[in-house]
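J.: Sharing input-v3.cif, mmCIF, C-alpha atoms:
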```
data_start
#
loop_
_atom_site.label_atom_id
_atom_site.label_comp_id
_atom_site.auth_asym_id
_atom_site.auth_seq_id
_atom_site.Cartn_x
_atom_site.Cartn_y
_atom_site.Cartn_z
CA MET Q 101 -4.96 -25.47 20.51
CA VAL Q 102 -3.65 -22.04 19.60
CA LYS Q 103 -5.11 -19.17 21.62
CA ILE Q 104 -6.49 -16.42 19.43
CA ASP Q 105 -7.22 -12.91 20.70
CA LEU Q 106 -9.29 -10.19 19.04
CA ILE Q 107 -8.40 -6.56 19.76
CA THR Q 108 -11.30 -4.35 18.70
CA GLY Q 109 -11.74 -0.60 18.77
CA PHE Q 110 -13.49 2.17 16.94
CA LEU Q 111 -11.64 4.18 14.30
CA GLY Q 112 -8.43 5.67 15.69
CA SER Q 113 -9.01 4.45 19.25
CA GLY Q 114 -5.44 3.19 19.70
CA LYS Q 115 -5.71 -0.54 18.90
CA THR Q 116 -2.35 -0.69 17.17
CA THR Q 117 -0.53 1.02 20.05
CA PHE Q 118 -2.16 -1.37 22.51
CA ILE Q 119 -1.23 -4.39 20.39
CA LYS Q 120 2.41 -3.28 20.30
CA LYS Q 121 2.50 -3.26 24.09
CA TYR Q 122 0.51 -6.47 24.47
CA ALA Q 123 2.54 -8.34 21.85
CA LYS Q 124 5.87 -7.14 23.26
CA TYR Q 125 4.88 -8.44 26.69
CA LEU Q 126 4.07 -11.86 25.18
CA ILE Q 127 7.33 -11.92 23.22
CA ASP Q 128 9.30 -11.00 26.36
CA GLN Q 129 7.61 -13.94 28.11
CA GLY Q 130 8.98 -16.24 25.40
CA ALA Q 131 5.75 -16.73 23.46
CA ASN Q 132 5.82 -17.36 19.72
CA ILE Q 133 3.07 -15.16 18.25
CA GLY Q 134 1.48 -14.20 14.97
CA ILE Q 135 -0.34 -10.92 14.36
CA LEU Q 136 -3.01 -10.80 11.67
CA GLU Q 137 -3.92 -7.38 10.34
CA ASN Q 138 -7.48 -7.90 9.18
CA ASP Q 139 -8.39 -4.76 7.23
CA TYR Q 140 -10.43 -3.69 4.22
CA GLY Q 141 -8.01 -0.86 3.44
CA ALA Q 142 -5.77 -0.78 0.40
CA VAL Q 143 -2.95 0.97 2.27
CA ASN Q 144 -2.35 -0.50 5.71
CA VAL Q 145 -0.66 2.11 7.87
CA ASP Q 146 -1.10 -0.03 10.99
CA MET Q 147 0.97 -2.84 9.46
CA MET Q 148 3.90 -0.45 9.15
CA LEU Q 149 3.54 0.59 12.79
CA LEU Q 150 3.91 -3.04 13.89
CA LYS Q 151 6.98 -3.76 11.76
CA ASP Q 152 9.44 -3.31 14.62
CA LEU Q 153 7.85 -6.30 16.41
CA GLU Q 154 8.82 -8.69 13.61
CA GLY Q 155 11.48 -11.19 14.53
CA GLU Q 156 12.13 -14.76 15.55
CA ASN Q 157 9.14 -14.82 17.93
CA CYS Q 158 6.70 -12.64 16.00
CA GLU Q 159 5.40 -12.75 12.43
CA LEU Q 160 3.00 -10.31 10.76
CA GLU Q 161 0.33 -11.32 8.27
CA MET Q 162 -2.23 -9.18 6.51
CA ILE Q 163 -5.58 -9.33 4.77
CA ALA Q 164 -6.25 -6.32 2.57
CA GLY Q 165 -8.86 -5.79 0.02
CA GLY Q 166 -11.67 -3.44 -0.64
CA CYS Q 167 -13.58 -6.60 -1.49
CA ASP Q 168 -17.06 -7.66 -0.43
CA ALA Q 169 -17.72 -9.19 2.99
CA ASP Q 170 -17.93 -12.79 1.72
CA CYS Q 171 -14.60 -12.52 -0.07
CA HIS Q 172 -13.07 -10.91 2.99
CA ARG Q 173 -14.30 -13.76 5.19
CA ARG Q 174 -12.80 -16.36 2.82
CA ARG Q 175 -9.45 -14.58 2.94
CA PHE Q 176 -9.62 -14.43 6.73
CA ARG Q 177 -10.37 -18.15 6.91
CA THR Q 178 -7.60 -19.06 4.44
CA LYS Q 179 -5.06 -16.96 6.32
CA LEU Q 180 -5.97 -18.56 9.66
CA ILE Q 181 -5.59 -22.04 8.17
CA ALA Q 182 -2.11 -21.14 6.94
CA MET Q 183 -1.17 -19.57 10.29
CA GLY Q 184 -2.46 -22.64 12.14
CA MET Q 185 0.46 -24.59 10.73
CA CYS Q 186 3.14 -22.18 11.96
CA GLY Q 187 3.43 -23.38 15.56
CA TYR Q 188 2.28 -20.16 17.22
CA ASP Q 189 1.41 -20.08 20.90
CA ARG Q 190 -1.00 -17.22 20.29
CA VAL Q 191 -2.44 -15.28 17.37
CA ILE Q 192 -3.59 -11.67 17.74
CA VAL Q 193 -6.15 -10.36 15.27
CA GLU Q 194 -6.34 -6.61 14.67
CA PRO Q 195 -9.44 -5.79 12.66
CA SER Q 196 -10.51 -2.68 10.84
CA GLY Q 197 -12.19 -0.03 12.96
CA ILE Q 198 -15.37 -0.78 11.00
CA TYR Q 199 -15.36 -4.55 11.36
CA ASP Q 200 -18.23 -6.99 11.93
CA VAL Q 201 -17.10 -8.81 15.09
CA ASP Q 202 -19.39 -11.76 14.32
CA GLU Q 203 -17.07 -12.64 11.44
CA PHE Q 204 -14.38 -13.49 13.99
CA PHE Q 205 -16.62 -15.87 15.95
CA ASP Q 206 -18.22 -17.39 12.84
CA VAL Q 207 -14.93 -18.24 11.15
CA LEU Q 208 -13.55 -19.82 14.31
CA ARG Q 209 -16.48 -22.28 14.30
CA ASP Q 210 -15.53 -23.53 10.83
CA ASP Q 211 -13.77 -26.86 10.29
CA PRO Q 212 -10.76 -27.32 10.52
CA ILE Q 213 -10.20 -23.97 12.24
CA ASP Q 214 -12.27 -25.02 15.25
CA ARG Q 215 -9.83 -27.90 15.82
CA TRP Q 216 -6.75 -25.65 15.76
CA TYR Q 217 -7.80 -22.49 17.56
CA GLU Q 218 -9.61 -21.58 20.74
CA ILE Q 219 -10.80 -18.06 21.53
CA GLY Q 220 -8.61 -16.50 24.17
CA ASN Q 221 -9.57 -12.89 24.82
CA VAL Q 222 -11.60 -10.10 23.26
CA ILE Q 223 -10.21 -6.74 24.31
CA THR Q 224 -11.81 -3.47 23.20
CA VAL Q 225 -9.91 -0.17 23.13
CA VAL Q 226 -11.98 2.99 23.62
CA ASP Q 227 -10.65 6.55 23.48
CA ALA Q 228 -11.07 8.13 26.92
CA LYS Q 229 -11.84 11.37 25.06
CA LEU Q 230 -14.58 9.82 22.96
CA GLU Q 231 -16.40 12.36 20.82
CA GLU Q 232 -19.78 13.17 22.32
CA GLU Q 233 -21.69 13.36 19.05
CA LEU Q 234 -21.60 10.17 17.00
CA SER Q 235 -24.06 8.98 14.38
CA ASP Q 236 -26.31 6.00 15.04
CA GLU Q 237 -24.05 3.91 12.80
CA ALA Q 238 -20.95 4.94 14.76
CA ASP Q 239 -22.66 4.20 18.06
CA TYR Q 240 -23.69 0.80 16.71
CA LEU Q 241 -20.12 -0.06 15.75
CA LEU Q 242 -18.84 1.12 19.12
CA ALA Q 243 -21.37 -1.06 20.94
CA SER Q 244 -20.97 -4.11 18.71
CA GLU Q 245 -17.18 -4.10 19.18
CA ALA Q 246 -17.51 -3.83 22.96
CA ALA Q 247 -20.41 -6.24 23.48
CA ASN Q 248 -18.28 -9.39 23.66
CA ALA Q 249 -15.23 -7.86 25.32
CA GLY Q 250 -13.66 -9.47 28.35
CA CYS Q 251 -12.32 -6.04 29.22
CA ILE Q 252 -12.38 -2.46 27.96
CA VAL Q 253 -9.12 -0.49 27.91
CA LEU Q 254 -9.34 3.29 27.80
CA SER Q 255 -6.65 4.96 25.72
CA ARG Q 256 -5.27 8.40 26.63
CA SER Q 257 -6.88 8.20 30.08
CA GLN Q 258 -3.91 10.07 31.57
CA GLU Q 259 -4.79 13.02 29.33
CA ALA Q 260 -8.53 12.97 30.06
CA SER Q 261 -10.33 14.63 32.94
CA GLU Q 262 -12.51 12.62 35.30
CA LYS Q 263 -15.53 14.21 33.64
CA GLU Q 264 -14.37 13.17 30.16
CA ILE Q 265 -13.82 9.60 31.33
CA GLU Q 266 -17.22 9.57 33.02
CA ASN Q 267 -18.85 10.86 29.82
CA THR Q 268 -17.07 8.22 27.73
CA VAL Q 269 -18.29 5.38 29.95
CA SER Q 270 -21.81 6.82 29.93
CA HIS Q 271 -21.71 7.13 26.13
CA LEU Q 272 -20.52 3.52 25.78
CA ASN Q 273 -23.32 2.24 28.01
CA ALA Q 274 -25.88 4.38 26.19
CA ALA Q 275 -24.67 2.87 22.91
CA MET Q 276 -25.18 -0.60 24.41
CA GLU Q 277 -28.74 0.34 25.30
CA LYS Q 278 -29.39 1.62 21.77
CA VAL Q 279 -28.57 -1.82 20.32
CA GLN Q 280 -30.80 -3.48 22.94
CA CYS Q 281 -27.89 -5.15 24.69
CA LYS Q 282 -28.42 -5.67 28.41
CA ARG Q 283 -24.72 -5.43 29.23
CA ARG Q 284 -23.34 -2.33 30.99
CA PHE Q 285 -19.67 -1.63 31.69
CA LYS Q 286 -18.06 -0.63 34.95
CA ASP Q 287 -15.56 -3.02 36.57
CA GLU Q 288 -14.40 -4.38 33.17
CA ILE Q 289 -12.91 -0.99 32.27
CA VAL Q 290 -9.16 -0.50 32.71
CA VAL Q 291 -8.35 3.16 33.31
CA LYS Q 292 -4.58 3.59 33.52
CA ASP Q 293 -1.68 5.32 31.82
CA TRP Q 294 -0.43 2.74 29.32
CA THR Q 295 3.19 3.58 30.06
CA ALA Q 296 2.57 2.34 33.61
CA PHE Q 297 1.17 -1.09 32.68
CA ASP Q 298 2.71 -3.73 34.94
CA GLU Q 299 2.71 -7.52 35.23
CA ALA Q 300 -0.68 -7.56 36.93
CA ASP Q 301 -2.24 -5.49 34.13
CA TYR Q 302 -0.98 -7.83 31.42
CA GLU Q 303 -2.18 -10.84 33.40
CA THR Q 304 -5.59 -9.17 33.53
CA PHE Q 305 -5.60 -8.83 29.74
CA LEU Q 306 -4.42 -12.40 29.24
CA SER Q 307 -7.15 -13.85 31.44
CA CYS Q 308 -10.11 -11.57 30.65
CA GLY Q 309 -11.71 -13.95 28.14
CA TYR Q 310 -14.86 -12.84 26.35
CA VAL Q 311 -18.59 -12.53 27.02
CA PRO Q 312 -21.16 -14.11 24.67
CA GLU Q 313 -23.73 -11.34 24.32
CA ASN Q 314 -26.74 -10.61 22.16
CA TYR Q 315 -27.57 -7.26 20.57
CA ARG Q 316 -29.65 -5.91 17.70
CA LYS Q 317 -27.71 -6.12 14.46
CA MET Q 318 -27.45 -3.22 12.04
CA HIS Q 319 -26.27 -4.03 8.54
CA ILE Q 320 -23.68 -1.54 7.33
CA GLU Q 321 -22.23 -1.98 3.86
CA GLU Q 322 -18.53 -1.28 3.45
CA GLY Q 323 -18.23 2.31 2.22
CA GLU Q 324 -21.91 3.02 2.80
CA THR Q 325 -21.33 5.42 5.68
CA PHE Q 326 -17.72 5.15 6.83
CA LYS Q 327 -15.01 5.85 4.34
CA SER Q 328 -11.24 6.23 4.13
CA LEU Q 329 -9.69 8.54 1.55
CA TYR Q 330 -6.01 7.96 0.71
CA PHE Q 331 -3.64 10.68 -0.51
CA MET Q 332 -0.30 9.30 -1.69
CA ASN Q 333 3.09 10.89 -2.29
CA LEU Q 334 2.05 14.41 -1.33
CA ASP Q 335 4.68 16.95 -2.33
CA LYS Q 336 4.09 19.14 0.72
CA THR Q 337 5.98 20.09 3.85
CA THR Q 338 5.11 18.80 7.30
CA ASP Q 339 3.65 22.20 8.20
CA GLU Q 340 1.50 22.25 5.06
CA ILE Q 341 0.11 18.76 5.70
CA THR Q 342 -0.65 19.41 9.37
CA GLU Q 343 -2.35 22.69 8.44
CA ALA Q 344 -4.42 20.83 5.83
CA ALA Q 345 -5.39 18.20 8.42
CA LYS Q 346 -6.47 20.90 10.86
CA ASN Q 347 -8.60 22.64 8.21
CA ILE Q 348 -10.21 19.38 7.06
CA LEU Q 349 -11.23 18.52 10.62
CA GLU Q 350 -12.76 21.98 11.10
CA ASP Q 351 -14.47 22.28 7.71
CA LYS Q 352 -17.99 20.80 7.95
CA GLU Q 353 -18.23 20.79 4.16
CA CYS Q 354 -15.64 17.98 4.19
CA GLY Q 355 -18.16 15.71 5.91
CA ARG Q 356 -18.05 14.19 9.37
CA VAL Q 357 -14.29 13.68 9.66
CA PHE Q 358 -13.13 11.63 12.67
CA ARG Q 359 -9.40 11.38 12.08
CA VAL Q 360 -6.56 12.28 9.73
CA LYS Q 361 -3.57 9.97 9.99
CA GLY Q 362 -0.58 8.82 8.01
CA PHE Q 363 3.16 9.17 7.48
CA LEU Q 364 5.28 12.05 6.23
CA LYS Q 365 8.92 13.13 6.15
CA ASP Q 366 10.45 16.14 7.82
CA GLU Q 367 13.02 18.44 6.22
CA ALA Q 368 15.84 16.16 7.40
CA GLY Q 369 14.26 13.16 5.71
CA GLU Q 370 13.15 11.52 8.97
CA TRP Q 371 9.83 9.68 9.11
CA LEU Q 372 6.97 11.04 11.20
CA GLU Q 373 3.57 9.63 12.12
CA LEU Q 374 0.61 12.02 11.93
CA ASN Q 375 -2.45 11.40 14.08
CA ALA Q 376 -4.99 14.22 14.15
CA THR Q 377 -8.45 14.38 15.74
CA HIS Q 378 -10.77 17.16 16.82
CA GLN Q 379 -9.14 17.04 20.25
CA GLU Q 380 -5.46 17.08 19.30
CA MET Q 381 -2.74 16.94 16.65
CA ARG Q 382 0.07 14.44 17.28
CA ILE Q 383 3.27 14.05 15.30
CA CYS Q 384 5.71 11.37 16.48
CA PRO Q 385 8.96 10.02 15.00
CA ILE Q 386 8.88 6.46 13.61
CA PRO Q 387 11.60 4.23 12.10
CA GLU Q 388 10.09 3.94 8.62
CA GLY Q 389 6.97 4.72 6.67
CA GLN Q 390 5.33 5.50 3.36
CA VAL Q 391 4.18 8.94 2.30
CA VAL Q 392 0.42 8.67 2.74
CA VAL Q 393 -2.30 10.64 4.48
CA ILE Q 394 -5.65 9.00 5.25
CA VAL Q 395 -8.85 10.90 6.02
CA ILE Q 396 -11.43 8.80 7.91
CA GLY Q 397 -15.06 9.69 8.51
CA GLU Q 398 -18.66 9.58 7.35
CA GLU Q 399 -20.26 11.20 4.32
CA LEU Q 400 -16.91 12.51 3.16
CA ASN Q 401 -16.79 15.11 0.41
CA GLU Q 402 -13.78 13.88 -1.54
CA GLU Q 403 -13.66 16.88 -3.88
CA ARG Q 404 -13.67 19.33 -0.96
CA ILE Q 405 -10.99 17.40 0.96
CA GLN Q 406 -8.87 17.10 -2.18
CA GLN Q 407 -8.68 20.91 -2.34
CA TYR Q 408 -6.71 21.03 0.90
CA PHE Q 409 -4.10 18.66 -0.54
CA ALA Q 410 -3.99 20.29 -3.98
CA MET Q 411 -0.58 21.16 -5.31
CA GLN Q 412 0.41 24.79 -4.75
#
```
If you convert what's in this file into structure tokens, what do you get?
T.:
Amino acid sequence: MVKIDLITGFLGSGKTTFIKKYAKYLIDQGANIGILENDYGAVNVDMMLLKDLEGENCELEMIAGGCDADCHRRRFRTKLIAMGMCGYDRVIVEPSGIYDVDEFFDVLRDDPIDRWYEIGNVITVVDAKLEEELSDEADYLLASEAANAGCIVLSRSQEASEKEIENTVSHLNAAMEKVQCKRRFKDEIVVKDWTAFDEADYETFLSCGYVPENYRKMHIEEGETFKSLYFMNLDKTTDEITEAAKNILEDKECGRVFRVKGFLKDEAGEWLELNATHQEMRICPIPEGQVVVIVIGEELNEERIQQYFAMQ
């Protein structure tokens, strides 16, 4: 049986960064792994960020679409059947930040998948600086992704104050209460600088398992509330794009914007990764990319956002 792990996390929480660390640890231990990017998006930035893991002991697969949920589930099932024949020791599934976690469990009960795979771990990544004001839909997604987790990993905890971490945990537990889930988190939460993860931490992740839990379901259609807008091949400088991202996050007429992310090139032609939230603006060098900026949020005003990326 191939172990299969699900790494969940709300939009921009840091799932991909965690997976890079988790997968590298497994590869260094000699494991043969597959990573399945399970996303509705048409342009998968996260897939590019995982490219440097590819090699003899790691293969990347992807589901992309913009299709309906039934079609997406069929693609997920078909991909898992194909991957089940590749001799992996473990498969890691990275879903969209707006993903119905039940799809993961439902597909793994299907024949013949249930004869090839066994659920290993469900790990949920939560930003230690979680925004205080989220819509009911966002709180639902946060809770539904955490409900079955064997452990919760806080991202950016080294940058957060004790009060911010306390507020994040309180918010998570309040979200659990809103969906009528009896589970509350405390000891399952890993609060540590990710650069300091050691053998014991990875063993914790590898053995955390998952928790079957019930909660009140809320049906959210793809694109009904959460949306991603893609802006390709922008003929703008790094400074112009970062300024546009800052303005979009601050302009309430753009909608409820959670994050602006993507890739761009500097004046020397080097690739950079942009990751902007209300709390911070990060620009980091990366080996390769594709010129794209993605605006993620709720009730987005595409025409208003487009103005900030308009050609000068």
J.: So which residues get picked by the PyMOL selection byres ((chain Q and resi 265) around 10) here, written as a VMD selection string?
T.: chain Q and resid 227 to 230 254 256 to 264 266 to 271 291
J.: Which residue out of Q:Ile289, Q:Ile127, Q:Val393, Q:Ile223 has the minimum interatomic distance to Glu156 in chain Q when all atoms listed in the file are used?
T.: Q:Ile127
J.: Mind telling me what the PyMOL selection byres ((chain Q and resi 367) around 12) catches here, as a PyMOL selection string?
T.: chain Q and resi 336-339+364-366+368-372
J.: Of the candidates Q:Val222, Q:Leu106, Q:Val391, Q:Cys354, which one gets nearest to Thr304 in chain Q if we count all atoms listed in the file?
T.: Q:Val222
J.: Skip Arg284 in chain Q itself and residues of its chain fewer than 3 positions away, then list as a PyMOL selection string all residues within 12 Å of it, counting all atoms listed in the file.
T.: chain Q and resi 243+246-249+251-252+269-281+287-289+311+313
J.: For the file shown, what are the residues hit by the PyMOL selection byres ((chain Q and resi 355) around 8), laid out as number ranges by chain?
T.: Q: 351-354, 356-357, 397-401
J.: Of the residues Q:Leu111, Q:Leu241, Q:Tyr188, Q:Val102, which is the one nearest to Val395 in chain Q, using all atoms listed in the file?
T.: Q:Leu111
J.: Go ahead and compute the interatomic distance for CA of Arg283 in chain Q and CA of Tyr315 in chain Q, in Å to one decimal.
T.: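 The value is 9.3 Å.
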J.: When you draw a straight line from CA of Ile192 in chain Q to CA of Thr295 in chain Q, how long is it in Å?
T.: 20.7 Å
J.: Compile the contact shell of Asn347 in chain Q as a PyMOL selection string: residues with an atom at most 12 Å away, counting only C-alpha atoms, same-chain residues fewer than 4 positions apart removed.
T.: chain Q and resi 340-343+351-354+357+359-360+376-378+381+395+404-409
J.: Missing atoms in range 178-203 of chain Q: fill them in up to N, CA and C atoms and send the result as a compact mmCIF listing (two decimals), in the coordinates of the input.
T.:
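As written to disk, rebuild.txt reads:
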```
# COMPACT_ATOMS: atom_id res chain seq x y z
N THR Q 178 -8.79 -18.48 5.08
CA THR Q 178 -7.60 -19.06 4.44
C THR Q 178 -6.32 -18.68 5.18
N LYS Q 179 -6.25 -17.42 5.60
CA LYS Q 179 -5.06 -16.96 6.32
C LYS Q 179 -4.93 -17.67 7.66
N LEU Q 180 -6.03 -17.86 8.37
CA LEU Q 180 -5.97 -18.56 9.66
C LEU Q 180 -5.56 -20.01 9.49
N ILE Q 181 -6.01 -20.66 8.42
CA ILE Q 181 -5.59 -22.04 8.17
C ILE Q 181 -4.08 -22.10 7.97
N ALA Q 182 -3.55 -21.17 7.17
CA ALA Q 182 -2.11 -21.14 6.94
C ALA Q 182 -1.34 -20.87 8.24
N MET Q 183 -1.85 -19.93 9.05
CA MET Q 183 -1.17 -19.57 10.29
C MET Q 183 -1.26 -20.69 11.33
N GLY Q 184 -2.31 -21.54 11.21
CA GLY Q 184 -2.46 -22.64 12.14
C GLY Q 184 -1.37 -23.67 12.03
N MET Q 185 -0.62 -23.63 10.96
CA MET Q 185 0.46 -24.59 10.73
C MET Q 185 1.83 -24.04 11.11
N CYS Q 186 1.86 -22.85 11.70
CA CYS Q 186 3.14 -22.18 11.96
C CYS Q 186 3.67 -22.39 13.38
N GLY Q 187 2.94 -23.09 14.22
CA GLY Q 187 3.43 -23.38 15.56
C GLY Q 187 3.36 -22.21 16.52
N TYR Q 188 2.42 -21.29 16.31
CA TYR Q 188 2.28 -20.16 17.22
C TYR Q 188 1.68 -20.60 18.56
N ASP Q 189 2.07 -19.91 19.61
CA ASP Q 189 1.41 -20.08 20.90
C ASP Q 189 0.13 -19.24 20.96
N ARG Q 190 0.16 -18.13 20.26
CA ARG Q 190 -1.00 -17.22 20.29
C ARG Q 190 -1.03 -16.41 19.00
N VAL Q 191 -2.24 -16.15 18.52
CA VAL Q 191 -2.44 -15.28 17.37
C VAL Q 191 -3.28 -14.10 17.81
N ILE Q 192 -2.86 -12.90 17.42
CA ILE Q 192 -3.59 -11.67 17.74
C ILE Q 192 -4.17 -11.13 16.45
N VAL Q 193 -5.47 -10.88 16.45
CA VAL Q 193 -6.15 -10.36 15.27
C VAL Q 193 -6.48 -8.88 15.51
N GLU Q 194 -5.97 -8.03 14.63
CA GLU Q 194 -6.34 -6.61 14.67
C GLU Q 194 -7.24 -6.31 13.49
N PRO Q 195 -8.51 -6.04 13.76
CA PRO Q 195 -9.44 -5.79 12.66
C PRO Q 195 -9.49 -4.32 12.29
N SER Q 196 -10.20 -4.06 11.20
CA SER Q 196 -10.51 -2.68 10.84
C SER Q 196 -11.36 -2.05 11.93
N GLY Q 197 -11.34 -0.73 12.00
CA GLY Q 197 -12.19 -0.03 12.96
C GLY Q 197 -13.67 -0.09 12.60
N ILE Q 198 -13.98 -0.64 11.43
CA ILE Q 198 -15.37 -0.78 11.00
C ILE Q 198 -15.61 -2.24 10.61
N TYR Q 199 -15.42 -3.11 11.56
CA TYR Q 199 -15.36 -4.55 11.36
C TYR Q 199 -16.54 -5.22 12.02
N ASP Q 200 -17.14 -6.22 11.35
CA ASP Q 200 -18.23 -6.99 11.93
C ASP Q 200 -17.62 -8.07 12.82
N VAL Q 201 -17.73 -7.91 14.13
CA VAL Q 201 -17.10 -8.81 15.09
C VAL Q 201 -17.61 -10.23 14.94
N ASP Q 202 -18.84 -10.41 14.49
CA ASP Q 202 -19.39 -11.76 14.32
C ASP Q 202 -18.58 -12.58 13.33
N GLU Q 203 -17.90 -11.91 12.39
CA GLU Q 203 -17.07 -12.64 11.44
C GLU Q 203 -15.99 -13.43 12.17
```
